[in-house]
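Listing of protein_3.cif; format and content: mmCIF, C-alpha atoms (C1' of nucleotides).
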data_target
loop_
_atom_site.label_atom_id
_atom_site.label_comp_id
_atom_site.auth_asym_id
_atom_site.auth_seq_id
_atom_site.Cartn_x
_atom_site.Cartn_y
_atom_site.Cartn_z
CA MET N 1 55.76 -84.19 58.99
CA PRO N 2 54.63 -85.40 55.62
CA GLU N 3 56.99 -86.95 53.16
CA LEU N 4 56.42 -87.27 49.42
CA PRO N 5 53.48 -89.73 49.55
CA GLU N 6 51.53 -87.70 52.09
CA VAL N 7 51.99 -84.47 50.15
CA GLU N 8 50.90 -86.31 47.00
CA ILE N 9 47.69 -87.38 48.75
CA VAL N 10 47.01 -83.82 49.85
CA LYS N 11 47.65 -82.66 46.30
CA ARG N 12 45.14 -85.12 44.87
CA SER N 13 42.56 -84.13 47.47
CA LEU N 14 42.97 -80.47 46.62
CA GLU N 15 42.57 -81.21 42.93
CA LYS N 16 39.15 -82.55 43.69
CA THR N 17 38.11 -79.67 45.89
CA ILE N 18 39.67 -76.30 45.16
CA LYS N 19 40.91 -76.56 41.57
CA PHE N 20 39.47 -73.80 39.36
CA LYS N 21 38.07 -72.02 42.37
CA LYS N 22 38.56 -68.33 42.84
CA ILE N 23 40.21 -66.98 45.97
CA LYS N 24 38.01 -64.39 47.61
CA GLN N 25 40.24 -63.46 50.49
CA VAL N 26 43.32 -64.52 52.40
CA PHE N 27 43.90 -64.02 56.11
CA ILE N 28 47.25 -64.31 57.79
CA LYS N 29 46.66 -64.99 61.46
CA ASN N 30 50.28 -65.59 62.29
CA LYS N 31 53.07 -64.76 59.90
CA ASN N 32 55.82 -66.35 61.95
CA LEU N 33 56.38 -69.67 60.27
CA ARG N 34 59.84 -70.91 59.34
CA PHE N 35 60.04 -67.92 57.04
CA LYS N 36 57.96 -64.85 57.72
CA ILE N 37 54.96 -64.86 55.42
CA GLN N 38 55.16 -62.01 52.93
CA LYS N 39 52.83 -59.16 53.85
CA ASN N 40 51.50 -58.69 50.35
CA ILE N 41 50.22 -62.25 49.97
CA PRO N 42 46.56 -61.48 50.78
CA LYS N 43 46.52 -58.66 48.26
CA LYS N 44 48.30 -60.64 45.57
CA LEU N 45 46.11 -63.70 45.94
CA LYS N 46 42.78 -61.94 46.02
CA ASN N 47 40.62 -62.83 43.01
CA GLU N 48 43.22 -65.23 41.66
CA LYS N 49 41.98 -68.47 40.19
CA ILE N 50 43.60 -71.78 41.00
CA LEU N 51 44.73 -73.29 37.73
CA ARG N 52 46.63 -76.32 38.90
CA ILE N 53 47.83 -78.09 41.99
CA GLU N 54 51.24 -79.68 41.77
CA ARG N 55 53.75 -81.34 44.00
CA LYS N 56 57.52 -81.29 43.91
CA SER N 57 59.15 -83.60 46.43
CA LYS N 58 57.63 -82.46 49.75
CA TYR N 59 56.42 -79.13 48.44
CA LEU N 60 52.85 -78.44 47.47
CA ILE N 61 52.48 -75.96 44.64
CA VAL N 62 49.32 -74.02 43.98
CA ASN N 63 49.57 -72.59 40.49
CA LEU N 64 47.65 -69.37 39.94
CA THR N 65 47.16 -67.14 36.92
CA LYS N 66 49.82 -64.58 36.02
CA SER N 67 52.56 -67.12 36.74
CA LYS N 68 52.11 -67.05 40.47
CA TYR N 69 53.02 -70.07 42.52
CA LEU N 70 51.98 -70.48 46.11
CA ILE N 71 54.46 -72.87 47.71
CA ILE N 72 53.52 -74.75 50.86
CA HIS N 73 55.92 -76.84 52.87
CA PHE N 74 54.50 -78.70 55.86
CA GLY N 75 57.61 -79.00 57.97
CA MET N 76 57.06 -81.49 60.78
CA SER N 77 53.55 -80.67 61.89
CA GLY N 78 51.81 -78.70 59.14
CA THR N 79 48.40 -79.81 57.88
CA LEU N 80 45.73 -78.42 55.62
CA HIS N 81 42.07 -78.46 56.51
CA LEU N 82 39.01 -77.61 54.52
CA VAL N 83 36.17 -75.92 56.29
CA LYS N 84 32.74 -75.70 54.83
CA LYS N 85 31.50 -72.22 55.22
CA ASN N 86 28.26 -70.95 56.71
CA LYS N 87 27.46 -74.13 58.50
CA LYS N 88 29.02 -74.26 61.90
CA ASN N 89 32.59 -75.06 60.88
CA ILE N 90 32.25 -78.60 59.71
CA TYR N 91 35.64 -79.92 58.86
CA THR N 92 36.36 -82.03 55.84
CA ASN N 93 39.59 -83.83 56.41
CA LEU N 94 41.94 -83.30 53.52
CA SER N 95 45.24 -83.80 55.23
CA PHE N 96 44.69 -87.48 56.00
CA TYR N 97 45.81 -86.85 59.52
CA ASN N 98 42.40 -86.99 61.10
CA GLN N 99 42.64 -83.95 63.22
CA GLN N 100 39.01 -83.86 64.04
CA LYS N 101 39.51 -81.29 66.68
CA LEU N 102 41.35 -78.52 64.98
CA PRO N 103 43.50 -76.66 67.53
CA LYS N 104 42.54 -73.22 66.33
CA LYS N 105 45.39 -71.36 67.89
CA HIS N 106 47.68 -72.94 65.31
CA ASN N 107 45.58 -71.90 62.34
CA HIS N 108 48.06 -69.53 60.75
CA VAL N 109 46.63 -68.89 57.30
CA GLU N 110 43.13 -69.01 55.87
CA ILE N 111 42.35 -68.99 52.18
CA VAL N 112 38.70 -68.21 51.60
CA PHE N 113 36.73 -69.39 48.58
CA ASN N 114 33.10 -68.91 47.82
CA ARG N 115 31.84 -71.67 50.05
CA LEU N 116 35.03 -73.12 51.39
CA LYS N 117 37.94 -72.14 53.54
CA LEU N 118 41.37 -73.74 53.32
CA ILE N 119 43.28 -73.54 56.57
CA TYR N 120 46.97 -74.04 57.19
CA ASN N 121 47.57 -75.34 60.71
CA ASP N 122 51.03 -75.94 62.11
CA PRO N 123 51.80 -76.22 65.85
CA ARG N 124 55.57 -76.30 65.55
CA ARG N 125 55.77 -73.77 62.72
CA PHE N 126 58.59 -75.49 60.88
CA GLY N 127 56.58 -75.26 57.68
CA PHE N 128 56.18 -72.22 55.47
CA ILE N 129 54.11 -70.57 52.78
CA LEU N 130 55.74 -68.58 50.05
CA LEU N 131 54.58 -66.82 46.92
CA LEU N 132 56.76 -66.98 43.83
CA SER N 133 55.77 -64.51 41.15
CA SER N 134 57.52 -65.74 38.02
CA LYS N 135 58.67 -68.89 36.30
CA LYS N 136 62.22 -67.73 36.87
CA GLU N 137 61.75 -67.46 40.63
CA PHE N 138 60.06 -70.83 40.55
CA LEU N 139 62.94 -72.56 38.79
CA ASN N 140 65.47 -70.86 40.99
CA PHE N 141 63.69 -71.96 44.14
CA PHE N 142 63.73 -75.63 43.19
CA LYS N 143 67.06 -75.84 41.41
CA LYS N 144 68.90 -77.54 44.25
CA LEU N 145 66.50 -80.48 44.55
CA GLY N 146 67.67 -83.92 43.49
CA LEU N 147 65.51 -86.32 41.49
CA GLU N 148 62.45 -87.91 43.03
CA PRO N 149 62.37 -91.67 43.45
CA LEU N 150 59.63 -92.11 40.87
CA ASP N 151 61.41 -90.06 38.22
CA ASN N 152 62.55 -92.28 35.33
CA LYS N 153 65.93 -90.61 35.48
CA PHE N 154 66.31 -91.78 39.06
CA ASN N 155 68.24 -94.93 38.20
CA ASN N 156 71.30 -96.90 39.24
CA LYS N 157 73.68 -94.69 37.32
CA TYR N 158 72.28 -91.49 38.83
CA LEU N 159 72.38 -92.73 42.38
CA MET N 160 75.82 -94.25 42.00
CA SER N 161 77.18 -90.94 40.73
CA LYS N 162 75.79 -89.21 43.81
CA ILE N 163 76.91 -91.78 46.36
CA HIS N 164 80.10 -93.50 45.35
CA HIS N 165 82.44 -90.81 46.71
CA ARG N 166 80.46 -89.92 49.84
CA LYS N 167 81.76 -90.54 53.30
CA LYS N 168 78.41 -90.03 54.96
CA LYS N 169 76.14 -92.75 56.25
CA ILE N 170 73.76 -94.03 53.61
CA LYS N 171 70.78 -93.03 55.72
CA ASP N 172 71.95 -89.43 55.88
CA ILE N 173 72.64 -89.49 52.16
CA LEU N 174 69.11 -90.63 51.35
CA LEU N 175 67.68 -87.90 53.58
CA ASP N 176 69.67 -85.28 51.69
CA GLN N 177 67.09 -83.60 49.45
CA SER N 178 69.71 -82.48 46.96
CA ILE N 179 70.48 -86.13 46.22
CA VAL N 180 67.06 -87.77 46.33
CA SER N 181 64.11 -85.52 46.98
CA GLY N 182 60.93 -86.48 48.77
CA LEU N 183 62.21 -89.15 51.16
CA GLY N 184 62.07 -88.56 54.90
CA ASN N 185 62.77 -90.51 58.05
CA ILE N 186 59.98 -93.06 57.71
CA TYR N 187 60.55 -94.05 54.13
CA VAL N 188 64.33 -94.12 54.32
CA ASN N 189 64.09 -96.57 57.21
CA GLU N 190 61.71 -98.70 55.19
CA ILE N 191 63.76 -98.61 52.00
CA LEU N 192 66.96 -99.64 53.79
CA ASN N 193 65.20 -102.53 55.50
CA TYR N 194 63.83 -103.77 52.18
CA SER N 195 67.29 -103.38 50.68
CA ARG N 196 68.91 -105.15 53.63
CA ILE N 197 71.48 -102.41 54.00
CA ASN N 198 72.78 -101.13 57.32
CA PRO N 199 71.80 -97.45 57.64
CA LYS N 200 75.24 -96.70 59.12
CA LYS N 201 77.08 -98.00 56.08
CA LEU N 202 79.07 -95.27 54.36
CA GLY N 203 78.16 -94.24 50.84
CA PHE N 204 81.45 -95.09 49.19
CA LYS N 205 81.31 -98.60 50.60
CA LEU N 206 78.13 -99.50 48.75
CA GLY N 207 78.45 -101.75 45.74
CA SER N 208 76.50 -101.41 42.53
CA TYR N 209 74.17 -104.22 43.54
CA GLU N 210 73.24 -102.37 46.73
CA ILE N 211 72.64 -99.16 44.81
CA LYS N 212 70.37 -101.11 42.53
CA LEU N 213 68.37 -102.37 45.48
CA ILE N 214 67.97 -98.87 46.90
CA VAL N 215 66.69 -97.58 43.56
CA LYS N 216 64.30 -100.49 43.21
CA TYR N 217 62.88 -100.29 46.70
CA SER N 218 62.71 -96.49 46.78
CA LYS N 219 60.33 -96.71 43.85
CA LEU N 220 58.43 -99.64 45.30
CA VAL N 221 57.96 -98.19 48.78
CA ILE N 222 56.95 -94.75 47.58
CA LYS N 223 54.52 -96.16 45.02
CA LYS N 224 52.93 -98.41 47.58
CA ALA N 225 52.72 -95.66 50.17
CA ILE N 226 50.85 -93.44 47.70
CA THR N 227 48.49 -96.29 46.86
CA LYS N 228 47.78 -96.72 50.55
CA GLY N 229 47.04 -93.05 51.06
CA GLY N 230 50.30 -92.28 52.87
CA SER N 231 51.14 -92.97 56.52
CA SER N 232 49.07 -91.64 59.39
CA ILE N 233 50.83 -91.96 62.69
CA ARG N 234 50.27 -90.60 66.17
CA ASP N 235 46.57 -90.09 65.54
CA PHE N 236 45.24 -93.61 65.44
CA LYS N 237 42.52 -92.86 67.92
CA ASN N 238 40.58 -90.79 65.50
CA SER N 239 39.58 -93.59 63.26
CA LYS N 240 36.72 -92.01 61.43
CA GLY N 241 37.10 -90.45 58.04
CA GLN N 242 39.82 -91.01 55.56
CA LYS N 243 43.26 -91.80 56.69
CA GLY N 244 46.36 -93.29 55.20
CA SER N 245 47.16 -96.90 55.98
CA TYR N 246 50.79 -97.31 55.07
CA GLN N 247 51.66 -97.29 58.77
CA ASN N 248 50.24 -100.81 58.79
CA GLU N 249 52.89 -101.82 56.27
CA PHE N 250 55.88 -100.57 58.26
CA ARG N 251 58.67 -103.11 58.43
CA ALA N 252 61.20 -101.05 60.35
CA TYR N 253 59.94 -97.62 61.35
CA ASN N 254 58.48 -97.54 64.85
CA ARG N 255 58.99 -101.29 65.24
CA ASN N 256 61.62 -101.36 67.98
CA GLU N 257 62.06 -104.85 69.46
CA LYS N 258 59.71 -106.40 66.91
CA LYS N 259 60.57 -109.16 64.49
CA CYS N 260 62.12 -108.32 61.18
CA ILE N 261 59.70 -109.18 58.42
CA ASN N 262 62.26 -109.83 55.71
CA ARG N 263 62.13 -113.32 54.32
CA TYR N 264 64.39 -115.89 55.99
CA CYS N 265 65.34 -113.37 58.66
CA LYS N 266 64.33 -113.80 62.24
CA GLY N 267 66.22 -110.82 63.56
CA ILE N 268 64.86 -108.13 65.84
CA ILE N 269 64.41 -104.52 64.82
CA LYS N 270 66.47 -102.16 66.96
CA ARG N 271 66.30 -98.44 67.39
CA ILE N 272 69.45 -96.35 67.24
CA PHE N 273 70.11 -92.69 66.52
CA ILE N 274 71.75 -91.40 63.38
CA SER N 275 72.18 -87.64 63.19
CA ASN N 276 69.74 -87.26 66.04
CA ARG N 277 66.99 -89.08 64.21
CA SER N 278 65.40 -92.33 65.22
CA THR N 279 66.65 -95.12 63.04
CA PHE N 280 65.18 -98.60 62.94
CA PHE N 281 66.96 -101.54 61.42
CA CYS N 282 67.68 -105.22 61.71
CA LYS N 283 71.28 -106.02 62.55
CA LYS N 284 70.89 -109.54 61.32
CA CYS N 285 69.91 -108.92 57.72
CA GLN N 286 70.87 -105.30 57.15
CA LYS N 287 74.59 -105.53 56.52
"C1'" DC B 288 84.31 -78.52 48.99
"C1'" DC B 289 82.60 -82.05 53.03
"C1'" DG B 290 80.52 -83.74 57.32
"C1'" DT B 291 78.50 -82.84 61.81
"C1'" DT B 292 75.76 -80.49 65.22
"C1'" DA B 293 72.61 -77.37 67.08
"C1'" DA B 294 68.78 -74.77 66.47
"C1'" DC B 295 64.21 -73.54 65.09
"C1'" DC B 296 59.02 -74.72 67.89
"C1'" DT B 297 54.93 -77.00 70.46
"C1'" DG B 298 52.64 -80.95 72.36
"C1'" DA B 299 52.11 -85.76 73.78
"C1'" DG B 300 53.39 -89.34 76.63
"C1'" DA B 301 56.23 -91.67 80.13
"C1'" DG B 302 58.02 -91.87 84.67
"C1'" DC B 303 58.18 -90.19 89.21
"C1'" DT G 304 47.77 -83.60 89.63
"C1'" DG G 305 51.94 -81.79 88.19
"C1'" DC G 306 56.64 -81.65 87.22
"C1'" DT G 307 60.59 -83.07 84.18
"C1'" DC G 308 62.34 -85.41 80.47
"C1'" DT G 309 62.36 -87.30 75.77
"C1'" DC G 310 60.70 -87.61 71.38
"C1'" DA G 311 58.21 -86.24 66.96
"C1'" DG G 312 56.86 -87.34 59.43
"C1'" DG G 313 62.14 -81.41 58.34
"C1'" DT G 314 65.60 -78.17 57.09
"C1'" DT G 315 69.66 -75.31 57.39
"C1'" DA G 316 73.14 -72.01 59.46
"C1'" DA G 317 77.41 -72.32 61.45
"C1'" DC G 318 81.49 -74.53 62.50
"C1'" DG G 319 85.90 -77.24 62.02
#

In structure tokens, what does this structure look like?
Amino acid sequence: MPELPEVEIVKRSLEKTIKFKKIKQVFIKNKNLRFKIQKNIPKKLKNEKILRIERKSKYLIVNLTKSKYLIIHFGMSGTLHLVKKNKKNIYTNLSFYNQQKLPKKHNHVEIVFNRLKLIYNDPRRFGFILLLSSKKEFLNFFKKLGLEPLDNKFNNKYLMSKIHHRKKKIKDILLDQSIVSGLGNIYVNEILNYSRINPKKLGFKLGSYEIKLIVKYSKLVIKKAITKGGSSIRDFKNSKGQKGSYQNEFRAYNRNEKKCINRYCKGIIKRIFISNRSTFFCKKCQK
DNA sequence: CCGTTAACCTGAGAGC
DNA sequence: TGCTCTCAGGTTAACG
């Protein structure tokens, strides 16, 4: 579900709430996520202190003492929730998805602190939680990831080198985490609309000017999305509490049959499918 | 090596 | 009300 900006928001929230806290206990209610949760996690995490919270593309990284890294990936439907203890389960929304009513049967993991509980909830179970126990394991796990859009090294030259020989559609290329990491379906749709590039266009057909636009707007869109607290979709009804607002800025995603917002363009956004994923674009200006 | 497709899951919403 | 169908913010194994 969450792409880079949403995970970044969760990361920042966790920094304010659980950083430097000591883990008292960990419960695994259901180990069957995308990967089976290692049995020894509760034992290994007990009494560990949280030193740092980091994020790498769409992965959340909880850095513990003794070079332990708890990796959380949210898949399509994973969210984290903080529960204040003792009082009758009052939820503090950290995920920015406003799940006021927490469907408890999908609470798979609970990390208990002194007065707080951190809960991993994931109906579809495409996400996972993994413990890496050394810097070496850590580096190995992430070695295949491409640069993130906001990395200074993510520039025209880098992207050109990754794209110029590819026969895949540019949308599929941008979703490939080994090329650019952190983008997902929403933001790729947005970036291509800003760049006025047809998502079906093949990589090797893109000119250097188009590559330049993609680099520019990848940075712009991701930056703005973080500023806006990410995108919260499909839960608009629950309007209390904090929630992201980038969904109000969408130009393409979820805007089937609506007017293209690009300047001087009066085209209509259409929905098509590319690699089985909803794709929104304007035929008139995205060439 | 490359590109494409199906598969992994549950729930919400639409249409009948 | 209930049934069936489609779709959902992701990733990757397997195939040609």

Separation of C1' of DT314 in chain G and CA of Ile72 in chain N, in Å? 14.0 Å

Mind checking which residues fall within 10 Å of DT297 in chain B, counting all atoms listed in the file, ignoring those fewer than 4 positions away in the same chain, and posting them as a VMD selection string? chain N and resid 77 106 122 to 125

Neighbour list for DT315 in chain G as a PyMOL selection string, cut-off 12 Å, all atoms listed in the file, skip fewer than 2 positions in-chain: (chain N and resi 34+126+176-177) or (chain B and resi 292-295) or (chain G and resi 313+317)

Which residues are close to Ser178 in chain N, i.e. within 9 Å by all atoms listed in the file, leaving aside same-chain residues fewer than 4 positions away? Reply as a PyMOL selection string. chain N and resi 144-147

Starting from chain N, keep only residues with some atom at most 9 Å from an atom of chain G, counting all atoms listed in the file, and report them as a PyMOL selection string. chain N and resi 1-3+74-77+126-127+184-186+231-233

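The two atoms in question, CA of His73 in chain N and CA of Tyr59 in chain N, are spaced 5.0 Å apart.
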
Please enumerate the residues selected by the PyMOL selection byres ((chain N and resi 12) around 12) when evaluated against the supplied file, formatted as a ChimeraX atom specification. /N:5-11,13-19,52-55,60-62,94-96,226-227,229-230

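From C1' of DG298 in chain B back to CA of Glu110 in chain N, the distance works out to 22.5 Å.
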
Counting only C-alpha atoms, figure out which residue out of N:Val180, N:Ala252, N:Ile173, N:Leu150 gets nearest to Tyr194 in chain N. N:Ala252

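By all atoms listed in the file, and with residues fewer than 5 positions from Ile170 in chain N along its chain excluded, the set lying at most 7 Å from it is Pro199, Lys200, Lys201, Leu202 and Gly203 of chain N.
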
Hey, can you spit out that residue selection with C-alpha atoms as a short mmCIF file (atom, residue, chain, number, x, y, z; two decimals), in the frame of the given file?
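The resulting file, selection.cif, is shown below:
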data_model
loop_
_atom_site.label_atom_id
_atom_site.label_comp_id
_atom_site.auth_asym_id
_atom_site.auth_seq_id
_atom_site.Cartn_x
_atom_site.Cartn_y
_atom_site.Cartn_z
CA PRO N 199 71.80 -97.45 57.64
CA LYS N 200 75.24 -96.70 59.12
CA LYS N 201 77.08 -98.00 56.08
CA LEU N 202 79.07 -95.27 54.36
CA GLY N 203 78.16 -94.24 50.84
#

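Here the question is which of N:Ser161, N:Asn121, N:Ser195, N:Thr79 gets nearest to His108 in chain N using all atoms listed in the file, and that residue is N:Asn121.
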
Selection: 12 Å around DT291 in chain B, only C-alpha atoms (C1' of nucleotides), excl. self and same-chain fewer than 5 positions, as JSON, numbers by chain: {"N": [167, 168, 169, 172, 274, 275, 276], "G": [317, 318, 319]}

Restricting it to C-alpha atoms (C1' of nucleotides), dump the selection as a CSV table (one decimal), keeping the file's coordinate frame.
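For reference, part.csv as written:
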chain,number,residue,atom,x,y,z
N,167,LYS,CA,81.8,-90.5,53.3
N,168,LYS,CA,78.4,-90.0,55.0
N,169,LYS,CA,76.1,-92.8,56.2
N,172,ASP,CA,72.0,-89.4,55.9
N,274,ILE,CA,71.8,-91.4,63.4
N,275,SER,CA,72.2,-87.6,63.2
N,276,ASN,CA,69.7,-87.3,66.0
G,317,DA,C1',77.4,-72.3,61.4
G,318,DC,C1',81.5,-74.5,62.5
G,319,DG,C1',85.9,-77.2,62.0

List the residues selected by the PyMOL selection byres ((chain N and resi 191) around 12) in the file shown, writing them as a count of residues only. 46

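With only C-alpha atoms (C1' of nucleotides) as the basis for measurement, N:Leu33 is the residue among N:Leu33, N:Ile111, N:Ile272, N:Ile41 that approaches chain B most closely.
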
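With all atoms listed in the file as the basis for measurement, N:Ile179 is the residue among N:Ile179, N:Ser57, N:Arg277, N:Lys135 that approaches Tyr158 in chain N most closely.
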
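Using all atoms listed in the file, the nearest neighbour of chain B within the list N:Arg271, N:Lys56, N:Lys29, N:Arg166 is N:Arg166.
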